[in-house]
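Trainee: Structure supplied as coords.txt; contents: compact mmCIF, C-alpha atoms.
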# COMPACT_ATOMS: atom_id res chain seq x y z
CA MET Z 1 65.39 -21.28 -59.28
CA GLU Z 2 62.21 -20.47 -57.36
CA ARG Z 3 58.73 -21.95 -57.54
CA ILE Z 4 55.17 -20.77 -56.98
CA GLN Z 5 51.79 -22.43 -57.30
CA SER Z 6 49.23 -21.20 -59.81
CA ALA Z 7 45.51 -21.13 -59.05
CA ASP Z 8 44.96 -24.70 -60.31
CA GLY Z 9 47.87 -26.07 -58.25
CA THR Z 10 50.38 -26.16 -61.11
CA THR Z 11 53.94 -25.45 -60.00
CA ILE Z 12 55.58 -22.67 -62.01
CA ALA Z 13 59.38 -22.35 -61.95
CA PHE Z 14 61.16 -19.05 -62.40
CA ASP Z 15 64.46 -17.27 -61.94
CA GLN Z 16 64.49 -13.89 -60.23
CA LEU Z 17 67.36 -11.60 -61.05
CA GLY Z 18 68.31 -7.95 -60.95
CA ALA Z 19 66.99 -5.05 -58.94
CA GLY Z 20 64.44 -2.36 -59.59
CA PRO Z 21 60.74 -2.39 -60.46
CA PRO Z 22 59.37 -5.89 -61.13
CA LEU Z 23 59.00 -7.24 -64.66
CA ILE Z 24 57.50 -10.56 -65.78
CA LEU Z 25 59.07 -11.95 -68.99
CA VAL Z 26 56.63 -14.05 -71.04
CA SER Z 27 58.30 -16.26 -73.63
CA GLY Z 28 57.06 -17.07 -77.11
CA ALA Z 29 56.55 -20.42 -78.80
CA ALA Z 30 59.24 -23.12 -78.47
CA CYS Z 31 61.10 -21.08 -75.85
CA ASP Z 32 61.63 -21.45 -72.12
CA ARG Z 33 63.44 -19.45 -69.48
CA ARG Z 34 66.81 -20.87 -70.52
CA VAL Z 35 66.32 -19.67 -74.08
CA ASP Z 36 65.28 -16.23 -72.79
CA ALA Z 37 68.07 -16.01 -70.20
CA PRO Z 38 70.20 -13.52 -72.20
CA LEU Z 39 67.22 -11.16 -72.50
CA ALA Z 40 66.43 -11.57 -68.81
CA GLU Z 41 70.02 -10.78 -67.85
CA ALA Z 42 69.97 -7.60 -69.93
CA LEU Z 43 66.62 -6.50 -68.52
CA ALA Z 44 67.90 -7.20 -65.00
CA GLN Z 45 70.17 -4.17 -65.33
CA ARG Z 46 67.04 -2.02 -64.90
CA PHE Z 47 64.36 -4.34 -63.46
CA THR Z 48 63.79 -7.16 -61.02
CA VAL Z 49 63.04 -9.78 -63.65
CA LEU Z 50 60.94 -12.89 -63.12
CA ASN Z 51 61.93 -15.11 -66.04
CA TYR Z 52 59.66 -18.14 -65.87
CA ASP Z 53 58.98 -21.42 -67.60
CA ARG Z 54 55.47 -21.32 -69.00
CA ARG Z 55 53.43 -24.37 -67.98
CA GLY Z 56 54.55 -27.56 -69.64
CA ARG Z 57 58.05 -26.20 -70.25
CA GLY Z 58 61.38 -26.57 -68.51
CA ASP Z 59 60.99 -27.00 -64.76
CA SER Z 60 57.32 -25.98 -64.60
CA ASP Z 61 54.60 -28.57 -64.25
CA ASP Z 62 51.39 -28.85 -66.24
CA THR Z 63 47.75 -29.59 -65.51
CA PRO Z 64 45.44 -30.76 -68.31
CA PRO Z 65 43.28 -29.82 -70.01
CA TYR Z 66 45.02 -26.76 -71.39
CA ALA Z 67 43.22 -23.41 -71.34
CA VAL Z 68 44.54 -19.93 -72.08
CA ALA Z 69 42.87 -18.80 -68.85
CA ARG Z 70 45.18 -21.11 -66.90
CA GLU Z 71 48.22 -19.39 -68.39
CA VAL Z 72 46.71 -16.04 -67.49
CA ALA Z 73 46.37 -17.32 -63.93
CA ASP Z 74 50.07 -18.26 -64.02
CA ILE Z 75 50.95 -14.66 -64.84
CA ALA Z 76 48.66 -13.47 -62.06
CA ALA Z 77 50.50 -15.71 -59.58
CA LEU Z 78 53.85 -14.34 -60.74
CA VAL Z 79 52.62 -10.76 -60.43
CA ASP Z 80 51.50 -11.55 -56.89
CA ALA Z 81 54.92 -13.04 -56.13
CA ALA Z 82 56.51 -9.87 -57.51
CA GLY Z 83 54.65 -7.73 -55.00
CA GLY Z 84 51.17 -7.30 -56.45
CA THR Z 85 51.87 -5.43 -59.67
CA ALA Z 86 54.49 -5.59 -62.43
CA THR Z 87 55.39 -4.63 -65.94
CA VAL Z 88 54.60 -7.61 -68.17
CA LEU Z 89 56.73 -8.04 -71.29
CA GLY Z 90 55.57 -10.62 -73.82
CA LEU Z 91 57.63 -11.89 -76.73
CA SER Z 92 56.00 -12.94 -80.02
CA SER Z 93 53.02 -15.20 -79.20
CA GLY Z 94 53.83 -14.51 -75.56
CA ALA Z 95 52.92 -10.89 -76.29
CA LEU Z 96 49.35 -12.02 -76.97
CA LEU Z 97 49.30 -13.93 -73.69
CA ALA Z 98 50.61 -10.88 -71.84
CA ALA Z 99 47.92 -8.74 -73.48
CA GLU Z 100 45.26 -11.27 -72.51
CA ALA Z 101 46.44 -11.03 -68.91
CA ALA Z 102 46.10 -7.25 -69.02
CA ALA Z 103 42.66 -7.50 -70.65
CA SER Z 104 41.57 -10.04 -68.01
CA GLY Z 105 42.24 -7.68 -65.12
CA VAL Z 106 45.56 -9.04 -63.86
CA PRO Z 107 47.19 -6.09 -62.02
CA VAL Z 108 49.64 -5.28 -64.79
CA ARG Z 109 51.47 -2.02 -64.21
CA CYS Z 110 52.25 -1.59 -67.87
CA LEU Z 111 52.22 -3.90 -70.87
CA VAL Z 112 55.01 -4.27 -73.41
CA MET Z 113 54.52 -6.43 -76.51
CA TRP Z 114 57.36 -7.48 -78.79
CA GLU Z 115 56.18 -8.27 -82.34
CA PRO Z 116 52.87 -10.08 -81.83
CA PRO Z 117 52.65 -12.39 -84.89
CA VAL Z 118 49.06 -11.57 -85.84
CA SER Z 119 47.54 -10.43 -89.11
CA THR Z 120 44.62 -8.48 -90.50
CA ASP Z 121 45.01 -10.31 -93.83
CA LEU Z 122 42.44 -13.09 -94.29
CA GLY Z 123 44.85 -15.15 -96.39
CA SER Z 124 47.47 -15.07 -93.63
CA GLN Z 125 44.84 -16.00 -91.06
CA ARG Z 126 43.78 -18.98 -93.16
CA ARG Z 127 47.40 -20.12 -93.46
CA PHE Z 128 47.73 -19.93 -89.70
CA GLN Z 129 44.54 -21.94 -89.23
CA ALA Z 130 45.82 -24.61 -91.62
CA TYR Z 131 49.11 -24.68 -89.71
CA ALA Z 132 47.28 -25.05 -86.38
CA ALA Z 133 45.08 -27.87 -87.71
CA ARG Z 134 48.09 -29.83 -89.00
CA LEU Z 135 49.96 -29.15 -85.75
CA THR Z 136 47.09 -30.66 -83.79
CA GLU Z 137 47.15 -33.77 -85.99
CA LEU Z 138 50.89 -34.25 -85.46
CA LEU Z 139 50.73 -33.73 -81.70
CA GLU Z 140 47.77 -36.06 -81.29
CA ALA Z 141 49.75 -38.71 -83.18
CA GLY Z 142 52.71 -38.22 -80.82
CA ARG Z 143 54.93 -36.95 -83.64
CA ARG Z 144 56.79 -34.30 -81.66
CA ALA Z 145 59.76 -34.02 -84.02
CA ASP Z 146 57.47 -33.50 -86.99
CA ALA Z 147 55.40 -30.98 -85.03
CA LEU Z 148 58.52 -28.98 -84.13
CA ALA Z 149 59.75 -29.03 -87.73
CA HIS Z 150 56.25 -28.04 -88.89
CA PHE Z 151 56.38 -25.01 -86.60
CA MET Z 152 59.84 -24.04 -87.77
CA GLY Z 153 58.79 -24.25 -91.39
CA PHE Z 154 55.69 -22.19 -90.73
CA VAL Z 155 57.70 -19.35 -89.19
CA GLY Z 156 59.95 -19.28 -92.24
CA MET Z 157 62.97 -21.41 -91.36
CA PRO Z 158 64.48 -23.00 -94.49
CA GLU Z 159 64.74 -26.79 -94.69
CA GLU Z 160 68.53 -26.70 -94.43
CA ALA Z 161 68.29 -24.60 -91.26
CA ILE Z 162 65.77 -27.03 -89.76
CA ALA Z 163 68.14 -29.91 -90.59
CA HIS Z 164 70.97 -28.05 -88.87
CA THR Z 165 68.80 -27.38 -85.82
CA ARG Z 166 68.08 -31.11 -85.54
CA GLN Z 167 71.80 -31.56 -84.81
CA SER Z 168 72.03 -28.67 -82.35
CA PRO Z 169 71.80 -28.74 -78.53
CA TYR Z 170 68.46 -26.91 -78.81
CA TRP Z 171 66.70 -29.78 -80.58
CA GLN Z 172 66.10 -31.87 -77.46
CA THR Z 173 64.87 -28.79 -75.62
CA GLY Z 174 62.46 -28.11 -78.45
CA LEU Z 175 61.23 -31.70 -78.43
CA ASP Z 176 60.62 -31.59 -74.69
CA MET Z 177 58.22 -28.69 -75.07
CA ALA Z 178 56.85 -29.45 -78.55
CA HIS Z 179 53.41 -30.18 -77.09
CA THR Z 180 53.22 -26.56 -75.92
CA LEU Z 181 53.21 -25.40 -79.53
CA GLY Z 182 49.53 -26.27 -79.33
CA TYR Z 183 49.24 -23.94 -76.36
CA ASP Z 184 50.64 -21.05 -78.37
CA ALA Z 185 48.31 -21.89 -81.24
CA ALA Z 186 45.42 -21.58 -78.77
CA VAL Z 187 46.77 -18.23 -77.55
CA MET Z 188 46.86 -17.07 -81.18
CA GLY Z 189 43.15 -17.81 -81.68
CA ASP Z 190 42.30 -17.48 -85.37
CA GLY Z 191 45.55 -15.66 -86.13
CA GLY Z 192 43.90 -12.25 -86.31
CA ILE Z 193 44.04 -9.30 -83.93
CA PRO Z 194 41.51 -9.78 -81.10
CA ALA Z 195 40.47 -6.15 -81.21
CA ASP Z 196 37.53 -6.56 -78.83
CA ARG Z 197 39.77 -8.06 -76.13
CA PHE Z 198 42.58 -5.58 -76.70
CA GLY Z 199 40.07 -2.75 -76.47
CA ARG Z 200 39.56 -3.71 -72.82
CA ILE Z 201 43.18 -3.11 -71.90
CA GLY Z 202 43.26 -0.17 -69.52
CA VAL Z 203 46.95 0.03 -68.66
CA PRO Z 204 49.77 1.86 -70.47
CA ALA Z 205 50.90 -0.27 -73.40
CA LEU Z 206 53.92 -0.21 -75.68
CA VAL Z 207 54.07 -2.33 -78.84
CA LEU Z 208 57.56 -2.78 -80.26
CA SER Z 209 58.91 -4.05 -83.55
CA GLY Z 210 62.27 -4.07 -85.31
CA THR Z 211 63.18 -2.27 -88.51
CA ALA Z 212 64.91 -5.42 -89.79
CA SER Z 213 61.88 -7.64 -89.21
CA PRO Z 214 59.58 -8.76 -92.03
CA ASP Z 215 56.99 -6.23 -93.10
CA PHE Z 216 54.11 -8.37 -91.82
CA LEU Z 217 55.46 -8.27 -88.26
CA ARG Z 218 56.02 -4.53 -88.42
CA ASP Z 219 52.51 -4.06 -89.77
CA ALA Z 220 51.11 -6.38 -87.08
CA ALA Z 221 52.71 -4.25 -84.38
CA ALA Z 222 51.29 -1.06 -85.84
CA ARG Z 223 47.80 -2.54 -86.28
CA THR Z 224 47.84 -4.04 -82.79
CA THR Z 225 48.70 -0.64 -81.34
CA GLU Z 226 45.62 0.84 -82.96
CA THR Z 227 43.34 -1.55 -81.05
CA ILE Z 228 44.72 -0.82 -77.55
CA PRO Z 229 43.47 2.45 -76.02
CA GLY Z 230 46.33 4.92 -75.67
CA ALA Z 231 49.01 2.47 -76.79
CA ARG Z 232 52.27 3.54 -78.39
CA HIS Z 233 54.19 1.87 -81.22
CA GLU Z 234 57.96 2.15 -81.48
CA GLU Z 235 60.49 0.52 -83.78
CA LEU Z 236 63.98 -0.52 -82.71
CA ALA Z 237 66.60 0.22 -85.35
CA GLY Z 238 68.36 -2.79 -86.82
CA GLN Z 239 66.44 -5.37 -84.79
CA ASP Z 240 64.68 -8.44 -86.15
CA HIS Z 241 62.35 -10.91 -84.41
CA ASN Z 242 65.25 -12.22 -82.30
CA VAL Z 243 65.65 -8.91 -80.50
CA SER Z 244 68.77 -8.24 -78.47
CA GLY Z 245 68.59 -7.39 -74.80
CA ALA Z 246 70.84 -4.39 -75.39
CA ALA Z 247 68.23 -2.88 -77.72
CA LEU Z 248 65.13 -3.98 -75.83
CA THR Z 249 66.09 -2.97 -72.28
CA PRO Z 250 66.40 0.80 -72.73
CA ALA Z 251 63.14 0.99 -74.69
CA VAL Z 252 61.23 -0.88 -71.98
CA ALA Z 253 62.92 1.04 -69.16
CA ARG Z 254 62.25 4.39 -70.81
CA PHE Z 255 58.57 3.58 -71.26
CA ALA Z 256 58.19 2.45 -67.67
CA ALA Z 257 60.08 5.45 -66.34
CA GLU Z 258 57.94 7.94 -68.24
CA ARG Z 259 54.86 6.62 -66.48
CA PHE Z 260 55.78 5.36 -63.06
CA LEU Z 261 59.32 6.03 -61.90
So, in terms of structure tokens, how does the structure I just supplied come out?
Mentor:
Amino acid sequence: MERIQSADGTTIAFDQLGAGPPLILVSGAACDRRVDAPLAEALAQRFTVLNYDRRGRGDSDDTPPYAVAREVADIAALVDAAGGTATVLGLSSGALLAAEAAASGVPVRCLVMWEPPVSTDLGSQRRFQAYAARLTELLEAGRRADALAHFMGFVGMPEEAIAHTRQSPYWQTGLDMAHTLGYDAAVMGDGGIPADRFGRIGVPALVLSGTASPDFLRDAAARTTETIPGARHEELAGQDHNVSGAALTPAVARFAAERFL
């Protein structure tokens, strides 16, 4: 494990593995670098991967109050540690954070987004806003377990699966970073596609989705692509939201190679 300091003094922990052009892996909600380790190991076959704990998770510190800009600064610090530029790959809500970094002028070499969970449907946006409001209430009341279960239910996990997860080794990990679910809600904004921000992205961008994912995620990927100048949308056969490293790595490597290698 290695550590760097972000602009506000927060210590960010990361693992560096592999060889090749640098890649920053940005996790989604309720995940840390340990959860993403299998993806990082697969990507390390083609890249030098910096797999980090987002602030407030794992071995990284935190500095209140939270702001999306502070997480963007964390990515900037990692890019600097990687040599001054890097491919940035964001997963789920982490894809929106990665895109925000690119839109903010962080020296991203190319941007890859895996299934950003946004919507152009007003009903879906309202459901997200209701979820975020309830999440805030639970977190402010210190009800981490209920907040984590609330998140799992919102993303479609059945009650019996949530009950099983409560007995799994992951549950304590999820509880430890439950407060960061509010961070991802902030990254998500109103749940829609921030077309104005994405329109400022000036680096090559690839938006990926899986053919086995729900239609709304596949549609979100396609619609997101339309808002980023020059972006490309590709689908990975047989993949769902929990994408495998074996499927993801060649798609990311091919995209990077076409442009820079």
Trainee: Which residue gives the smallest distance to Ile12 in chain Z among Z:Thr85, Z:Thr173, Z:Ser92, Z:Thr63, with all atoms listed in the file counted?
Mentor: Z:Thr63
Trainee: List the neighbours of range 203-216 of chain Z out to 8 Å using all atoms listed in the file; skip same-chain residues closer than 3 positions along the sequence, and give me the result as number ranges by chain.
Mentor: Z: 102, 108-115, 119, 219-222, 224-225, 228, 230-241, 243, 255
Trainee: Edge lengths and centre, in Å to one decimal, as JSON: that's what I need for the box along x, y and z that holds all listed atoms of range 117-132 of chain Z plus 3 Å on each side.
Mentor:
{"center_x": 47.5, "center_y": -16.8, "center_z": -90.6, "size_x": 16.2, "size_y": 22.6, "size_z": 17.5}
Trainee: By how many Å are CA of Arg3 in chain Z and CA of His179 in chain Z apart?
Mentor: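 Computing it gives 21.9 Å between the two atoms.
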Trainee: Using all atoms listed in the file, can you tell me which of Z:Ala98, Z:Ala103, Z:Leu122, Z:Ile24 comes closest to Ala195 in chain Z?
Mentor: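 The answer is Z:Ala103, which sits nearest to Ala195 in chain Z.
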Trainee: Can you work out which one of Z:Asp53, Z:Pro117, Z:Ala253, Z:Gly245 has the shortest atom-to-atom distance to Pro22 in chain Z, counting only C-alpha atoms?
Mentor: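 Of Z:Asp53, Z:Pro117, Z:Ala253, Z:Gly245, the one nearest Pro22 in chain Z, counting only C-alpha atoms, is Z:Ala253.
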Trainee: Which is closest to Val187 in chain Z among Z:Asp121, Z:Glu137, Z:Asp80, Z:Glu71, if we use only C-alpha atoms?
Mentor: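 Once distances to Val187 in chain Z are computed over only C-alpha atoms, the minimum belongs to Z:Glu71.
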Trainee: As a PDB file, keeping the file's coordinate frame, could you write out range 189-224 of chain Z once it has been completed with N, CA and C atoms?
Mentor:
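The result, written out as out19.pdb:
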ATOM      1  N   GLY Z 189      44.528 -17.853 -81.211  1.00  0.00           N
ATOM      2  CA  GLY Z 189      43.150 -17.810 -81.680  1.00  0.00           C
ATOM      3  C   GLY Z 189      43.052 -18.143 -83.150  1.00  0.00           C
ATOM      4  N   ASP Z 190      42.435 -17.241 -83.927  1.00  0.00           N
ATOM      5  CA  ASP Z 190      42.300 -17.480 -85.370  1.00  0.00           C
ATOM      6  C   ASP Z 190      43.440 -16.849 -86.163  1.00  0.00           C
ATOM      7  N   GLY Z 191      44.420 -16.294 -85.463  1.00  0.00           N
ATOM      8  CA  GLY Z 191      45.550 -15.660 -86.130  1.00  0.00           C
ATOM      9  C   GLY Z 191      45.363 -14.193 -86.401  1.00  0.00           C
ATOM     10  N   GLY Z 192      44.170 -13.678 -86.126  1.00  0.00           N
ATOM     11  CA  GLY Z 192      43.900 -12.250 -86.310  1.00  0.00           C
ATOM     12  C   GLY Z 192      44.131 -11.471 -85.029  1.00  0.00           C
ATOM     13  N   ILE Z 193      43.902 -10.168 -85.087  1.00  0.00           N
ATOM     14  CA  ILE Z 193      44.040  -9.300 -83.930  1.00  0.00           C
ATOM     15  C   ILE Z 193      42.733  -9.316 -83.147  1.00  0.00           C
ATOM     16  N   PRO Z 194      42.746  -9.752 -81.891  1.00  0.00           N
ATOM     17  CA  PRO Z 194      41.510  -9.780 -81.100  1.00  0.00           C
ATOM     18  C   PRO Z 194      41.160  -8.377 -80.598  1.00  0.00           C
ATOM     19  N   ALA Z 195      40.664  -7.561 -81.501  1.00  0.00           N
ATOM     20  CA  ALA Z 195      40.470  -6.150 -81.210  1.00  0.00           C
ATOM     21  C   ALA Z 195      39.509  -5.922 -80.046  1.00  0.00           C
ATOM     22  N   ASP Z 196      38.473  -6.738 -79.937  1.00  0.00           N
ATOM     23  CA  ASP Z 196      37.530  -6.560 -78.830  1.00  0.00           C
ATOM     24  C   ASP Z 196      38.226  -6.763 -77.488  1.00  0.00           C
ATOM     25  N   ARG Z 197      39.050  -7.801 -77.381  1.00  0.00           N
ATOM     26  CA  ARG Z 197      39.770  -8.060 -76.130  1.00  0.00           C
ATOM     27  C   ARG Z 197      40.789  -6.960 -75.868  1.00  0.00           C
ATOM     28  N   PHE Z 198      41.560  -6.600 -76.890  1.00  0.00           N
ATOM     29  CA  PHE Z 198      42.580  -5.580 -76.700  1.00  0.00           C
ATOM     30  C   PHE Z 198      41.960  -4.231 -76.339  1.00  0.00           C
ATOM     31  N   GLY Z 199      40.740  -3.994 -76.805  1.00  0.00           N
ATOM     32  CA  GLY Z 199      40.070  -2.750 -76.470  1.00  0.00           C
ATOM     33  C   GLY Z 199      39.735  -2.616 -75.007  1.00  0.00           C
ATOM     34  N   ARG Z 200      39.833  -3.723 -74.257  1.00  0.00           N
ATOM     35  CA  ARG Z 200      39.560  -3.710 -72.820  1.00  0.00           C
ATOM     36  C   ARG Z 200      40.805  -3.437 -71.987  1.00  0.00           C
ATOM     37  N   ILE Z 201      41.941  -3.338 -72.635  1.00  0.00           N
ATOM     38  CA  ILE Z 201      43.180  -3.110 -71.900  1.00  0.00           C
ATOM     39  C   ILE Z 201      43.196  -1.663 -71.407  1.00  0.00           C
ATOM     40  N   GLY Z 202      43.326  -1.502 -70.113  1.00  0.00           N
ATOM     41  CA  GLY Z 202      43.260  -0.170 -69.520  1.00  0.00           C
ATOM     42  C   GLY Z 202      44.543   0.286 -68.876  1.00  0.00           C
ATOM     43  N   VAL Z 203      45.664  -0.354 -69.224  1.00  0.00           N
ATOM     44  CA  VAL Z 203      46.950   0.030 -68.660  1.00  0.00           C
ATOM     45  C   VAL Z 203      47.836   0.586 -69.772  1.00  0.00           C
ATOM     46  N   PRO Z 204      48.856   1.362 -69.427  1.00  0.00           N
ATOM     47  CA  PRO Z 204      49.770   1.860 -70.470  1.00  0.00           C
ATOM     48  C   PRO Z 204      50.380   0.694 -71.237  1.00  0.00           C
ATOM     49  N   ALA Z 205      50.424   0.828 -72.555  1.00  0.00           N
ATOM     50  CA  ALA Z 205      50.900  -0.270 -73.400  1.00  0.00           C
ATOM     51  C   ALA Z 205      51.856   0.249 -74.464  1.00  0.00           C
ATOM     52  N   LEU Z 206      52.926  -0.502 -74.657  1.00  0.00           N
ATOM     53  CA  LEU Z 206      53.920  -0.210 -75.680  1.00  0.00           C
ATOM     54  C   LEU Z 206      54.055  -1.434 -76.570  1.00  0.00           C
ATOM     55  N   VAL Z 207      53.914  -1.242 -77.880  1.00  0.00           N
ATOM     56  CA  VAL Z 207      54.070  -2.330 -78.840  1.00  0.00           C
ATOM     57  C   VAL Z 207      55.325  -2.037 -79.654  1.00  0.00           C
ATOM     58  N   LEU Z 208      56.267  -2.976 -79.623  1.00  0.00           N
ATOM     59  CA  LEU Z 208      57.560  -2.780 -80.260  1.00  0.00           C
ATOM     60  C   LEU Z 208      57.748  -3.713 -81.445  1.00  0.00           C
ATOM     61  N   SER Z 209      58.490  -3.225 -82.422  1.00  0.00           N
ATOM     62  CA  SER Z 209      58.910  -4.050 -83.550  1.00  0.00           C
ATOM     63  C   SER Z 209      60.285  -3.592 -83.986  1.00  0.00           C
ATOM     64  N   GLY Z 210      60.932  -4.397 -84.847  1.00  0.00           N
ATOM     65  CA  GLY Z 210      62.270  -4.070 -85.310  1.00  0.00           C
ATOM     66  C   GLY Z 210      62.275  -3.669 -86.773  1.00  0.00           C
ATOM     67  N   THR Z 211      63.132  -2.741 -87.122  1.00  0.00           N
ATOM     68  CA  THR Z 211      63.180  -2.270 -88.510  1.00  0.00           C
ATOM     69  C   THR Z 211      63.696  -3.336 -89.464  1.00  0.00           C
ATOM     70  N   ALA Z 212      64.395  -4.356 -88.934  1.00  0.00           N
ATOM     71  CA  ALA Z 212      64.910  -5.420 -89.790  1.00  0.00           C
ATOM     72  C   ALA Z 212      63.983  -6.633 -89.846  1.00  0.00           C
ATOM     73  N   SER Z 213      62.838  -6.539 -89.188  1.00  0.00           N
ATOM     74  CA  SER Z 213      61.880  -7.640 -89.210  1.00  0.00           C
ATOM     75  C   SER Z 213      61.064  -7.612 -90.494  1.00  0.00           C
ATOM     76  N   PRO Z 214      60.433  -8.735 -90.842  1.00  0.00           N
ATOM     77  CA  PRO Z 214      59.580  -8.760 -92.030  1.00  0.00           C
ATOM     78  C   PRO Z 214      58.460  -7.735 -91.931  1.00  0.00           C
ATOM     79  N   ASP Z 215      58.011  -7.266 -93.076  1.00  0.00           N
ATOM     80  CA  ASP Z 215      56.990  -6.230 -93.100  1.00  0.00           C
ATOM     81  C   ASP Z 215      55.716  -6.649 -92.375  1.00  0.00           C
ATOM     82  N   PHE Z 216      55.369  -7.964 -92.436  1.00  0.00           N
ATOM     83  CA  PHE Z 216      54.110  -8.370 -91.820  1.00  0.00           C
ATOM     84  C   PHE Z 216      54.164  -8.242 -90.303  1.00  0.00           C
ATOM     85  N   LEU Z 217      55.346  -8.439 -89.705  1.00  0.00           N
ATOM     86  CA  LEU Z 217      55.460  -8.270 -88.260  1.00  0.00           C
ATOM     87  C   LEU Z 217      55.442  -6.798 -87.873  1.00  0.00           C
ATOM     88  N   ARG Z 218      56.047  -5.971 -88.696  1.00  0.00           N
ATOM     89  CA  ARG Z 218      56.020  -4.530 -88.420  1.00  0.00           C
ATOM     90  C   ARG Z 218      54.598  -3.988 -88.563  1.00  0.00           C
ATOM     91  N   ASP Z 219      53.901  -4.470 -89.579  1.00  0.00           N
ATOM     92  CA  ASP Z 219      52.510  -4.060 -89.770  1.00  0.00           C
ATOM     93  C   ASP Z 219      51.634  -4.576 -88.626  1.00  0.00           C
ATOM     94  N   ALA Z 220      51.895  -5.814 -88.184  1.00  0.00           N
ATOM     95  CA  ALA Z 220      51.110  -6.380 -87.080  1.00  0.00           C
ATOM     96  C   ALA Z 220      51.266  -5.540 -85.821  1.00  0.00           C
ATOM     97  N   ALA Z 221      52.484  -5.084 -85.558  1.00  0.00           N
ATOM     98  CA  ALA Z 221      52.710  -4.250 -84.380  1.00  0.00           C
ATOM     99  C   ALA Z 221      51.943  -2.942 -84.486  1.00  0.00           C
ATOM    100  N   ALA Z 222      51.994  -2.317 -85.649  1.00  0.00           N
ATOM    101  CA  ALA Z 222      51.290  -1.060 -85.840  1.00  0.00           C
ATOM    102  C   ALA Z 222      49.778  -1.239 -85.717  1.00  0.00           C
ATOM    103  N   ARG Z 223      49.247  -2.300 -86.324  1.00  0.00           N
ATOM    104  CA  ARG Z 223      47.800  -2.540 -86.280  1.00  0.00           C
ATOM    105  C   ARG Z 223      47.343  -2.917 -84.865  1.00  0.00           C
ATOM    106  N   THR Z 224      48.166  -3.693 -84.168  1.00  0.00           N
ATOM    107  CA  THR Z 224      47.840  -4.040 -82.790  1.00  0.00           C
ATOM    108  C   THR Z 224      47.752  -2.791 -81.924  1.00  0.00           C
TER     109      THR Z 224
END
